[in-house]
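Colleague: First, the structure itself, so that you have it in front of you.
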Amino acid sequence: MIEIRYDEKGLVPAIVQEYGTGKVLMLAYMNAESLAITLKEGTTCFYSRSRQCLWRKGETSRNRQHVVSIKADCDKDTLLIEVIKDGPACHTGAESCFFNTLHEHD
């Protein structure tokens, strides 16, 4: 298995992308334990920086993310996770967390 380069807090950013469409759904962080859980269970588990604990995506909303693939970037310090989602990715109910446009070229 590839050795992931975690930051000084033991975290690695994880970009979650919808399988089939390529739409970016969210950005979260993982530690070694949450990555191991994700690999074992086949659904995403992250580390909450604000609550300082593990959280399984969809544990309360039931909007689980079923993992299709996990890839590391060239530096092995960022993950790209392709998922099939059961529902909206964002806690606001939006399909993606990225809906606030700062700039868009015409």
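For the structure tokens, the naming scheme is as follows: chains receive sequential letters (A, B, ...) according to their order of presentation, residues are indexed from 1 within each chain, and ligands are indexed from 1 in presentation order.
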Using only C-alpha atoms, which residues sit within 10 Å of Pro88 of chain A once same-chain residues fewer than 6 positions away are excluded, as a compact mmCIF listing (two decimals) with N, CA and C atoms, in the first residue's frame?
Modeller:
# COMPACT_ATOMS: atom_id res chain seq x y z
N LEU A 25 -17.71 17.03 -4.68
CA LEU A 25 -18.78 17.08 -3.69
C LEU A 25 -18.37 17.80 -2.41
N GLY A 58 -22.87 10.51 6.70
CA GLY A 58 -24.20 9.92 6.63
C GLY A 58 -24.67 9.23 7.88
N SER A 61 -27.54 11.68 8.73
CA SER A 61 -28.39 12.05 7.59
C SER A 61 -28.77 10.86 6.71
N ARG A 62 -28.04 9.77 6.85
CA ARG A 62 -28.17 8.58 5.99
C ARG A 62 -27.68 8.83 4.56
N ASN A 63 -27.02 9.96 4.33
CA ASN A 63 -26.46 10.28 3.02
C ASN A 63 -25.05 9.72 2.93
N ARG A 64 -24.94 8.43 2.94
CA ARG A 64 -23.65 7.76 2.91
C ARG A 64 -22.97 7.91 1.56
N GLN A 65 -21.67 7.74 1.58
CA GLN A 65 -20.86 7.78 0.37
C GLN A 65 -20.14 6.44 0.25
N ALA A 94 -27.43 20.74 0.03
CA ALA A 94 -27.00 20.91 -1.37
C ALA A 94 -26.27 19.65 -1.85
N GLU A 95 -26.34 19.41 -3.14
CA GLU A 95 -25.69 18.23 -3.73
C GLU A 95 -24.18 18.25 -3.53
N SER A 96 -23.60 19.45 -3.56
CA SER A 96 -22.16 19.64 -3.38
C SER A 96 -21.95 20.77 -2.38
N CYS A 97 -20.85 20.72 -1.67
CA CYS A 97 -20.51 21.82 -0.76
C CYS A 97 -20.02 23.05 -1.51
Colleague: Applying 6 Å and only C-alpha atoms, which residues near segment 2-6 of chain A remain after dropping the ones on its own chain fewer than 4 positions away? List them as a PyMOL selection string.
Modeller: chain A and resi 10-12+76-77
Colleague: Mind writing the picked residues with N, CA, C and O atoms as a CSV table (one decimal), in the first residue's frame?
Modeller:
chain,number,residue,atom,x,y,z
A,10,GLY,N,-1.3,15.1,11.7
A,10,GLY,CA,-1.7,13.7,11.4
A,10,GLY,C,-2.8,13.6,10.5
A,10,GLY,O,-3.5,12.6,10.4
A,11,LEU,N,-3.1,14.7,9.7
A,11,LEU,CA,-4.2,14.7,8.8
A,11,LEU,C,-3.8,14.8,7.3
A,11,LEU,O,-2.7,15.3,7.0
A,12,VAL,N,-4.7,14.4,6.4
A,12,VAL,CA,-4.5,14.6,5.0
A,12,VAL,C,-5.8,15.0,4.4
A,12,VAL,O,-6.9,14.5,4.8
A,76,LYS,N,1.6,12.4,-2.5
A,76,LYS,CA,1.0,11.5,-1.6
A,76,LYS,C,0.5,12.2,-0.3
A,76,LYS,O,0.5,11.7,0.8
A,77,ASP,N,0.1,13.5,-0.5
A,77,ASP,CA,-0.3,14.3,0.7
A,77,ASP,C,-1.7,14.9,0.5
A,77,ASP,O,-2.2,15.7,1.2
Colleague: Which of chain A counts as strand (DSSP E or B) under DSSP, as a ChimeraX atom specification please?
Modeller: /A:12-18,24-30,43,45-48,53-56,65-72,79-85
Colleague: Which residues are close to Thr21 of chain A, i.e. within 12 Å by only C-alpha atoms, leaving aside same-chain residues fewer than 5 positions away? Reply as number ranges by chain.
Modeller: A: 16, 82-85
Colleague: Give the answer as one residue: which of A:Gln52, A:Thr43, A:Thr38, A:Ser69 has the shortest atom-to-atom distance to Lys9 of chain A, using only C-alpha atoms?
Modeller: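 Result for the nearest residue to Lys9 of chain A: A:Gln52.
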Colleague: Report the distance between atom CA of Leu54 of chain A and atom CA of Met30 of chain A in Å, rounded to one decimal place.
Modeller: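 Distance between the two atoms: 8.6 Å.
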Colleague: Just how far from atom CA of Tyr29 of chain A is atom CA of Phe46 of chain A, in Å to one decimal?
Modeller: 5.8 Å
Colleague: Go through A:Lys40, A:His103, A:Arg51, A:His91 one by one, measure the shortest atom-to-atom distance of each to Met26 of chain A using only C-alpha atoms, and give the residue with the smallest value.
Modeller: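 Ranking A:Lys40, A:His103, A:Arg51, A:His91 by distance to Met26 of chain A, first place goes to A:His91.
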